[in-house]
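Data first, discussion second: the structure below is written as structure tokens.
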Amino acid sequence: MNVIANKQIILGVSGSIAAYKAAELARSLSLGGALVDVIMTEAAQRFVGAPTFQALTGRPVLADMWALPEDGVVGHVALGRRADLVVLAPATANTIARIAAGLSDDLLTTTVLATSAPVLCAPAMNPQMYANPATQANIATLRQRGVAVLEPGFGRMAEPQVGLGRMPEPAVIEGHARALLGRAGGPLRGRRVVVSAGGTHEPIDPVRFIGNRASGRMGFALAGAARDGGAQVTLVAGPAALPPPPAVDLVRVETALQMRDAVYAAVEGADLLIMNAAVADFRPAERAERKIKKGDDDEMLLRLVRNPDILAGLAARRDLVKVGFAAETHDLAAYALSKLERKGLDMIIANEAVASIGHDDIEVTLFDAQGAQRLPRQPKEQAAAAILEAIIRRWPARLAPT
Ligand code: C5P
């Protein structure tokens with residue numbers, strides 16, 4: 001599921017102060033196993049030196065249209081031809097305008113014009129330049145031609161100004177790069193996957209709730225792995241402090257009832273549901289309109305009512321591959337197998353609750369009608385990829401690329 005391993009990615013860097021952040025992106029893509037060829041415009045070289053990118057990617061930086069080796073193909077179009085993905089980060093107003101106009105007056109624009117690979121564009125510029133109708137029209141042109149143009153971030157610019165024009169964070173750009181590569185050749189391309197993550201908060205009054213220790217990390221990792229596989233992912237997330245994975249459709253919820261409604265809406269037309277969320281079994285029977293005062297009593301009784309079982313309510317959806325999680329403190333296998341049966345699931349993923357909730361690593365056992373498969377203890381991101389691979393292997397026809 002490592003969608004960027006051995007992929008040829010061209011990182012086009014233009015002249016913006018955000019070019020220093022492109023170095024972080026080059027590093028992260030290279031560490032992921034991609035072969036990153038950095039092309040710098042002349043202006044980019046005034047902001048960051050080529051040796052920085054060369055050291056991070058382990059490959060020569062390209063800037064001169066006339067200095068390319070001719071490996072059988074005309075030099076200046078060779079790069080674009082062999083690329084799996086072109087990432088423009090940062091993309092200045094000038095670079096965007098030149099690409100929209102179809103110019104090929106330097107190595108970067110020539111490469112973009114000559115490539116058939118997907119192109120991802122991360123704009124970075126002064127807020128006035130971004131808002132200018134000329135830039136907006138150029139961006140609309142790129143989008144119309146199939147370029148994935150990200151929204152810039154809002155915030156403080158290099159000059160003392162706040163506005164819309166900051167380059168999206170490298171992790172966000174990388175998430176979108178993974179999504180594009182997945183959609184081009186991943187095992188889940190064309191499929192729709194729904195993942196629930198985190199815990200739920202069941203309100204007692206406007207300031208208090210009943211919750212649990214779920215961090216959301218495992219579910220977020222599963223959503224990211226499904227995205228990398230090329231799926232269109234809806235992530236239904238309870239309250240979580242972690243940043244959600246980029247390039248997924250995020251639906252934020254708070255309570256079990258909200259999660260049920262969001263999951264039921266999202267699974268319409270979906271192929272796979274992974275219910276990782278730690279849904280509260282009970283909620284307070286009443287939610288006080290105003291903050292409850294402690295008064296003089298030494299005890300307080302809270303009446304709880306049962307929440308609906310989201311997974312069990314989907315028993316009739318035979319077309320949907322349904323995967324649940326079982327976090328237990330004891331009798332793991334027995335509880336997992338009874339949930340597999342009772343909730344009408346295709347697979348249940350069991351883990352030891354205390355050793356996994358809130359931890360970075362997880363050890364899981366996958367139970368389905370064919371038996372059990374234990375995965376070694378590993379970081380949740382790796383476990384997520386391994387789980388998805390196992391699910392795809394188990395139902396190759398139902399989850400085949402379309
Ligand atoms: O019954 P238990 O909560 O242990 O089952 C865990 C599995 O069932 C998880 O996949 C969880 O997301 C799901 N679940 C649910 N609706 C609930 C409670 C749990 O779908 N109300």
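Labels used: A, B, ... for chains in the order of the structure tokens, numbers from 1 for residues in each chain, and numbers from 1 for ligands as shown.
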
Kindly provide, as a PDB file with N, CA, C and O atoms, in the first residue's frame, all nucleotide and amino acid residues lying within 6 Å of ligand 1, counting only C-alpha atoms and all ligand atoms.
```pdb
ATOM      1  N   MET A 275     -15.530   0.175  10.712  1.00  0.00           N
ATOM      2  CA  MET A 275     -15.998   0.880  11.921  1.00  0.00           C
ATOM      3  C   MET A 275     -14.921   0.756  12.985  1.00  0.00           C
ATOM      4  O   MET A 275     -14.866  -0.219  13.718  1.00  0.00           O
ATOM      5  N   ASN A 276     -14.067   1.750  13.026  1.00  0.00           N
ATOM      6  CA  ASN A 276     -13.004   1.745  14.029  1.00  0.00           C
ATOM      7  C   ASN A 276     -13.401   2.553  15.267  1.00  0.00           C
ATOM      8  O   ASN A 276     -12.778   2.454  16.315  1.00  0.00           O
ATOM      9  N   ALA A 277     -14.445   3.366  15.146  1.00  0.00           N
ATOM     10  CA  ALA A 277     -14.792   4.285  16.239  1.00  0.00           C
ATOM     11  C   ALA A 277     -15.163   3.528  17.507  1.00  0.00           C
ATOM     12  O   ALA A 277     -15.778   2.465  17.449  1.00  0.00           O
ATOM     13  N   ALA A 278     -14.767   4.115  18.624  1.00  0.00           N
ATOM     14  CA  ALA A 278     -15.174   3.594  19.935  1.00  0.00           C
ATOM     15  C   ALA A 278     -16.477   4.310  20.294  1.00  0.00           C
ATOM     16  O   ALA A 278     -16.473   5.383  20.906  1.00  0.00           O
ATOM     17  N   VAL A 279     -17.589   3.730  19.835  1.00  0.00           N
ATOM     18  CA  VAL A 279     -18.903   4.360  20.025  1.00  0.00           C
ATOM     19  C   VAL A 279     -19.363   4.099  21.456  1.00  0.00           C
ATOM     20  O   VAL A 279     -19.286   2.966  21.932  1.00  0.00           O
ATOM     21  N   ASP A 281     -21.551   3.038  24.383  1.00  0.00           N
ATOM     22  CA  ASP A 281     -22.670   2.096  24.446  1.00  0.00           C
ATOM     23  C   ASP A 281     -23.919   2.768  25.015  1.00  0.00           C
ATOM     24  O   ASP A 281     -25.035   2.414  24.654  1.00  0.00           O
ATOM     25  N   ASN A 307     -27.284   3.250  23.383  1.00  0.00           N
ATOM     26  CA  ASN A 307     -27.167   3.795  22.028  1.00  0.00           C
ATOM     27  C   ASN A 307     -27.439   2.684  21.017  1.00  0.00           C
ATOM     28  O   ASN A 307     -27.184   1.509  21.303  1.00  0.00           O
ATOM     29  N   PRO A 308     -27.918   3.049  19.830  1.00  0.00           N
ATOM     30  CA  PRO A 308     -28.117   2.007  18.814  1.00  0.00           C
ATOM     31  C   PRO A 308     -26.778   1.446  18.359  1.00  0.00           C
ATOM     32  O   PRO A 308     -25.766   2.150  18.377  1.00  0.00           O
ATOM     33  N   ASP A 309     -26.765   0.173  17.966  1.00  0.00           N
ATOM     34  CA  ASP A 309     -25.546  -0.421  17.421  1.00  0.00           C
ATOM     35  C   ASP A 309     -25.494  -0.099  15.930  1.00  0.00           C
ATOM     36  O   ASP A 309     -26.338  -0.556  15.155  1.00  0.00           O
ATOM     37  N   ILE A 310     -24.523   0.714  15.552  1.00  0.00           N
ATOM     38  CA  ILE A 310     -24.446   1.230  14.169  1.00  0.00           C
ATOM     39  C   ILE A 310     -24.215   0.084  13.189  1.00  0.00           C
ATOM     40  O   ILE A 310     -24.899  -0.047  12.176  1.00  0.00           O
ATOM     41  N   LEU A 311     -23.245  -0.762  13.509  1.00  0.00           N
ATOM     42  CA  LEU A 311     -22.919  -1.879  12.604  1.00  0.00           C
ATOM     43  C   LEU A 311     -24.077  -2.854  12.476  1.00  0.00           C
ATOM     44  O   LEU A 311     -24.453  -3.251  11.373  1.00  0.00           O
ATOM     45  N   GLY A 324     -15.459  -4.626  11.589  1.00  0.00           N
ATOM     46  CA  GLY A 324     -15.571  -3.989  12.898  1.00  0.00           C
ATOM     47  C   GLY A 324     -14.285  -4.137  13.690  1.00  0.00           C
ATOM     48  O   GLY A 324     -13.360  -4.854  13.286  1.00  0.00           O
ATOM     49  N   PHE A 325     -14.218  -3.445  14.810  1.00  0.00           N
ATOM     50  CA  PHE A 325     -13.081  -3.554  15.722  1.00  0.00           C
ATOM     51  C   PHE A 325     -13.588  -4.040  17.073  1.00  0.00           C
ATOM     52  O   PHE A 325     -14.705  -3.716  17.474  1.00  0.00           O
ATOM     53  N   ALA A 326     -12.782  -4.800  17.761  1.00  0.00           N
ATOM     54  CA  ALA A 326     -13.125  -5.231  19.110  1.00  0.00           C
ATOM     55  C   ALA A 326     -11.919  -4.977  20.006  1.00  0.00           C
ATOM     56  O   ALA A 326     -10.888  -5.625  19.862  1.00  0.00           O
TER      57      ALA A 326
END
```

Using DSSP on the backbone, list every residue of range 36-244 of chain A that comes out as strand (DSSP E), and give them as a ChimeraX atom specification.
/A:36-40,85-91,119-123,148-149,153-156,162-166,192-197,202-205,208-210,232-237

Can those selected residues be exported to a file as a CSV table (one decimal), in the first residue's frame so that it contains N, CA and C atoms?
```csv
chain,number,residue,atom,x,y,z
A,36,VAL,N,12.5,11.4,-6.4
A,36,VAL,CA,12.1,12.8,-6.6
A,36,VAL,C,13.1,13.6,-7.4
A,37,ASP,N,12.6,14.1,-8.6
A,37,ASP,CA,13.4,14.9,-9.4
A,37,ASP,C,12.9,16.4,-9.2
A,38,VAL,N,13.8,17.2,-8.6
A,38,VAL,CA,13.4,18.6,-8.4
A,38,VAL,C,13.8,19.4,-9.6
A,39,ILE,N,12.8,20.2,-10.1
A,39,ILE,CA,13.1,21.2,-11.1
A,39,ILE,C,12.9,22.5,-10.4
A,40,MET,N,13.9,23.4,-10.5
A,40,MET,CA,13.7,24.7,-9.9
A,40,MET,C,13.6,25.8,-11.1
A,85,LEU,N,3.9,11.5,-11.5
A,85,LEU,CA,3.2,12.6,-10.9
A,85,LEU,C,4.1,13.8,-11.0
A,86,VAL,N,3.5,15.0,-11.3
A,86,VAL,CA,4.2,16.3,-11.2
A,86,VAL,C,3.5,17.1,-10.1
A,87,VAL,N,4.3,17.6,-9.1
A,87,VAL,CA,3.8,18.4,-8.0
A,87,VAL,C,4.5,19.8,-8.2
A,88,LEU,N,3.6,20.8,-8.2
A,88,LEU,CA,4.1,22.2,-8.3
A,88,LEU,C,3.9,22.8,-6.9
A,89,ALA,N,5.1,22.9,-6.2
A,89,ALA,CA,5.0,23.4,-4.8
A,89,ALA,C,6.3,24.1,-4.4
A,90,PRO,N,6.3,25.4,-4.2
A,90,PRO,CA,5.2,26.3,-4.3
A,90,PRO,C,4.9,26.7,-5.8
A,91,ALA,N,3.7,26.9,-6.1
A,91,ALA,CA,3.3,27.4,-7.5
A,91,ALA,C,3.0,28.9,-7.4
A,119,VAL,N,-1.1,16.2,-12.5
A,119,VAL,CA,-0.4,17.4,-12.0
A,119,VAL,C,-1.1,17.9,-10.8
A,120,LEU,N,-0.3,18.1,-9.7
A,120,LEU,CA,-0.9,18.7,-8.4
A,120,LEU,C,-0.2,20.0,-8.2
A,121,CYS,N,-1.0,21.0,-8.0
A,121,CYS,CA,-0.5,22.4,-7.9
A,121,CYS,C,-0.8,23.0,-6.5
A,122,ALA,N,0.2,23.5,-5.8
A,122,ALA,CA,0.0,24.1,-4.5
A,122,ALA,C,0.4,25.5,-4.6
A,123,PRO,N,-0.6,26.4,-4.8
A,123,PRO,CA,-0.3,27.8,-4.9
A,123,PRO,C,0.3,28.5,-3.7
A,148,ALA,N,-5.0,19.2,-10.4
A,148,ALA,CA,-5.6,19.3,-9.0
A,148,ALA,C,-4.9,20.5,-8.4
A,149,VAL,N,-5.7,21.6,-8.2
A,149,VAL,CA,-5.2,22.8,-7.6
A,149,VAL,C,-5.7,22.9,-6.2
A,153,GLY,N,-3.5,28.2,2.1
A,153,GLY,CA,-3.9,28.4,3.5
A,153,GLY,C,-4.1,29.8,3.8
A,154,PHE,N,-4.9,30.1,4.9
A,154,PHE,CA,-5.1,31.4,5.4
A,154,PHE,C,-4.1,31.7,6.6
A,155,GLY,N,-3.5,32.8,6.6
A,155,GLY,CA,-2.7,33.0,7.8
A,155,GLY,C,-1.7,34.1,7.5
A,156,ARG,N,-0.7,34.2,8.4
A,156,ARG,CA,0.3,35.2,8.3
A,156,ARG,C,1.3,34.9,7.1
A,162,VAL,N,-1.8,39.4,6.8
A,162,VAL,CA,-2.6,38.1,7.0
A,162,VAL,C,-3.5,38.0,5.8
A,163,GLY,N,-3.6,36.8,5.3
A,163,GLY,CA,-4.5,36.6,4.2
A,163,GLY,C,-4.5,35.2,3.6
A,164,LEU,N,-5.2,35.0,2.5
A,164,LEU,CA,-5.2,33.7,1.8
A,164,LEU,C,-4.2,33.7,0.7
A,165,GLY,N,-3.2,32.8,0.9
A,165,GLY,CA,-2.1,32.7,-0.1
A,165,GLY,C,-1.0,31.8,0.4
A,166,ARG,N,-1.0,31.4,1.6
A,166,ARG,CA,0.0,30.5,2.2
A,166,ARG,C,0.0,29.2,1.5
A,192,ARG,N,-15.4,3.1,-3.1
A,192,ARG,CA,-15.8,4.0,-2.0
A,192,ARG,C,-15.6,3.4,-0.7
A,193,VAL,N,-14.9,4.0,0.2
A,193,VAL,CA,-14.6,3.4,1.5
A,193,VAL,C,-15.1,4.4,2.6
A,194,VAL,N,-15.7,3.9,3.6
A,194,VAL,CA,-16.1,4.7,4.8
A,194,VAL,C,-15.4,4.2,6.0
A,195,VAL,N,-14.8,5.1,6.7
A,195,VAL,CA,-14.1,4.7,7.9
A,195,VAL,C,-14.6,5.6,9.1
A,196,SER,N,-14.9,5.0,10.2
A,196,SER,CA,-15.3,5.8,11.4
A,196,SER,C,-14.1,5.7,12.4
A,197,ALA,N,-13.9,6.8,13.1
A,197,ALA,CA,-12.7,7.0,13.9
A,197,ALA,C,-13.0,7.7,15.2
A,202,GLU,N,-20.8,12.0,24.8
A,202,GLU,CA,-22.3,12.0,25.0
A,202,GLU,C,-22.6,13.0,26.1
A,203,PRO,N,-23.2,14.1,25.7
A,203,PRO,CA,-23.3,15.3,26.6
A,203,PRO,C,-24.2,15.0,27.8
A,204,ILE,N,-23.8,15.5,28.9
A,204,ILE,CA,-24.6,15.5,30.2
A,204,ILE,C,-25.3,16.9,30.3
A,205,ASP,N,-24.5,17.9,30.1
A,205,ASP,CA,-25.0,19.3,30.1
A,205,ASP,C,-24.2,20.1,29.1
A,208,ARG,N,-20.3,19.3,30.1
A,208,ARG,CA,-19.8,18.0,30.5
A,208,ARG,C,-20.3,16.9,29.5
A,209,PHE,N,-19.5,15.9,29.4
A,209,PHE,CA,-19.8,14.8,28.6
A,209,PHE,C,-19.3,13.5,29.1
A,210,ILE,N,-19.8,12.3,28.6
A,210,ILE,CA,-19.2,11.0,28.9
A,210,ILE,C,-18.4,10.7,27.6
A,232,GLN,N,-12.1,6.5,-2.9
A,232,GLN,CA,-12.7,7.8,-2.4
A,232,GLN,C,-13.1,7.5,-1.0
A,233,VAL,N,-12.6,8.3,0.0
A,233,VAL,CA,-12.8,7.9,1.4
A,233,VAL,C,-13.6,9.0,2.1
A,234,THR,N,-14.6,8.5,2.8
A,234,THR,CA,-15.3,9.3,3.8
A,234,THR,C,-14.9,8.9,5.2
A,235,LEU,N,-14.4,9.9,5.9
A,235,LEU,CA,-14.0,9.6,7.3
A,235,LEU,C,-15.0,10.3,8.3
A,236,VAL,N,-15.7,9.5,9.0
A,236,VAL,CA,-16.6,10.0,10.0
A,236,VAL,C,-15.9,10.0,11.4
A,237,ALA,N,-15.6,11.2,11.9
A,237,ALA,CA,-14.7,11.2,13.0
A,237,ALA,C,-15.3,11.9,14.2
```

May I have the residues within 6 Å of range 378-381 of chain A as JSON, numbers by chain, using only C-alpha atoms and disregarding those fewer than 3 positions away in the same chain?
{"A": [218, 221, 360, 361, 362, 384]}

Selected residues written out, N, CA, C and O atoms, as a tab-separated table (two decimals), in the first residue's frame:
```tsv
chain	number	residue	atom	x	y	z
A	218	MET	N	-5.81	5.35	14.94
A	218	MET	CA	-5.95	4.14	14.13
A	218	MET	C	-6.91	4.38	12.96
A	218	MET	O	-6.62	4.04	11.82
A	221	ALA	N	-5.42	6.60	10.38
A	221	ALA	CA	-4.43	5.86	9.59
A	221	ALA	C	-5.13	4.96	8.57
A	221	ALA	O	-4.68	4.83	7.42
A	360	ASP	N	0.94	4.46	20.24
A	360	ASP	CA	1.34	4.63	18.85
A	360	ASP	C	1.35	3.30	18.10
A	360	ASP	O	1.19	3.25	16.89
A	361	ASP	N	1.58	2.22	18.85
A	361	ASP	CA	1.67	0.89	18.24
A	361	ASP	C	0.41	0.09	18.51
A	361	ASP	O	-0.30	0.36	19.47
A	362	ILE	N	0.21	-0.95	17.73
A	362	ILE	CA	-0.95	-1.82	17.95
A	362	ILE	C	-0.62	-3.23	17.47
A	362	ILE	O	0.14	-3.40	16.50
A	384	ALA	N	-2.40	-0.18	9.69
A	384	ALA	CA	-3.54	0.21	8.84
A	384	ALA	C	-3.32	-0.30	7.42
A	384	ALA	O	-4.22	-0.86	6.80
```

What lies within 8 Å of Ala93 in chain A using only C-alpha atoms, ignoring chain neighbours under 6 positions off, as a ChimeraX atom specification?
/A:123-125,129-130,135

When distances are computed from only C-alpha atoms, which of A:Gly185, A:Pro246, A:Pro118, A:Gly15 shows the smallest separation from Leu142 in chain A?
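Once distances to Leu142 in chain A are computed over only C-alpha atoms, the minimum belongs to A:Pro118.
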
Find the residues around Leu345 in chain A up to 9 Å (only C-alpha atoms counted), leave out those fewer than 2 positions away in its own chain, and share them as an NGL selection string.
:A and (311-312 or 315 or 321-324 or 339-343 or 347-348 or 368)

Just the residues within 7 Å of Phe282 in chain A, please, counting only C-alpha atoms, with nothing from its chain fewer than 3 positions along; format it as a PyMOL selection string.
chain A and resi 304-307

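The smallest atom-to-atom distance between Gly371 in chain A and any of A:Asp105, A:Asp346, A:Asp249, A:Glu352, using only C-alpha atoms, is found for A:Asp346.
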
Nearest-residue call for Gly229 in chain A, choices A:Leu79, A:Leu250, A:Ala386, A:Ala285, using only C-alpha atoms
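Nearest candidate to Gly229 in chain A out of A:Leu79, A:Leu250, A:Ala386, A:Ala285: A:Ala386.
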
Name the closest residue to Pro152 in chain A among the candidates A:Ala18, A:Leu388, A:Ala223, A:Leu314; distances are taken between atoms, counting only C-alpha atoms.
A:Ala18

Taking into account only C-alpha atoms, which residue in the set A:Ser28, A:Thr41, A:Thr52, A:Gln128 is nearest to Leu107 in chain A?
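Comparing A:Ser28, A:Thr41, A:Thr52, A:Gln128 against Leu107 in chain A, the winner is A:Thr41.
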
DSSP alpha helix (DSSP H) residues within range 244-381 of chain A, as number ranges by chain:
A: 256-266, 332-342, 353-356, 380-381

Any chance you can output those residues with C-alpha atoms as an mmCIF file, in the first residue's frame?
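Okay, result31.cif is ready:
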```
data_model
loop_
_atom_site.group_PDB
_atom_site.id
_atom_site.type_symbol
_atom_site.label_atom_id
_atom_site.label_comp_id
_atom_site.auth_asym_id
_atom_site.auth_seq_id
_atom_site.Cartn_x
_atom_site.Cartn_y
_atom_site.Cartn_z
ATOM 1 C CA ALA A 256 -23.190 8.184 18.811
ATOM 2 C CA LEU A 257 -26.520 9.226 17.269
ATOM 3 C CA GLN A 258 -24.771 11.752 15.027
ATOM 4 C CA MET A 259 -22.210 9.116 14.084
ATOM 5 C CA ARG A 260 -24.970 6.672 13.161
ATOM 6 C CA ASP A 261 -26.653 9.239 10.887
ATOM 7 C CA ALA A 262 -23.346 10.234 9.271
ATOM 8 C CA VAL A 263 -22.244 6.615 8.719
ATOM 9 C CA TYR A 264 -25.631 5.597 7.279
ATOM 10 C CA ALA A 265 -25.537 8.535 4.860
ATOM 11 C CA ALA A 266 -21.926 7.801 3.860
ATOM 12 C CA LEU A 332 -10.181 -11.328 23.163
ATOM 13 C CA ALA A 333 -10.885 -14.131 20.699
ATOM 14 C CA ALA A 334 -14.184 -15.236 22.243
ATOM 15 C CA TYR A 335 -15.626 -11.700 22.364
ATOM 16 C CA ALA A 336 -14.346 -10.915 18.864
ATOM 17 C CA LEU A 337 -15.942 -14.020 17.364
ATOM 18 C CA SER A 338 -19.273 -13.390 19.071
ATOM 19 C CA LYS A 339 -19.296 -9.793 17.702
ATOM 20 C CA LEU A 340 -18.450 -11.060 14.205
ATOM 21 C CA GLU A 341 -21.553 -13.227 14.388
ATOM 22 C CA ARG A 342 -23.907 -10.912 16.272
ATOM 23 C CA ALA A 353 -7.585 -2.387 24.704
ATOM 24 C CA VAL A 354 -5.119 -1.218 27.343
ATOM 25 C CA ALA A 355 -2.068 -1.862 25.135
ATOM 26 C CA SER A 356 -3.522 -0.056 22.112
ATOM 27 C CA LYS A 380 -0.711 2.164 13.681
ATOM 28 C CA GLU A 381 0.061 3.589 10.207
#
```

Interatomic distance between CA of Ala247 in chain A and CA of Met167 in chain A?
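So the answer is 15.8 Å.
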
Compare A:Arg377, A:Lys294, A:His330, A:Arg191 by their minimum atom-to-atom distance to Gly269 in chain A, counting only C-alpha atoms, and give me the closest one.
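The closest residue to Gly269 in chain A is A:Arg191.
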
Selection: 12 Å around Glu389 in chain A, only C-alpha atoms, excl. self and same-chain fewer than 2 positions, as a PyMOL selection string
chain A and resi 1-2+186-188+222+225-226+228-229+366+375+382-387+391-396+399
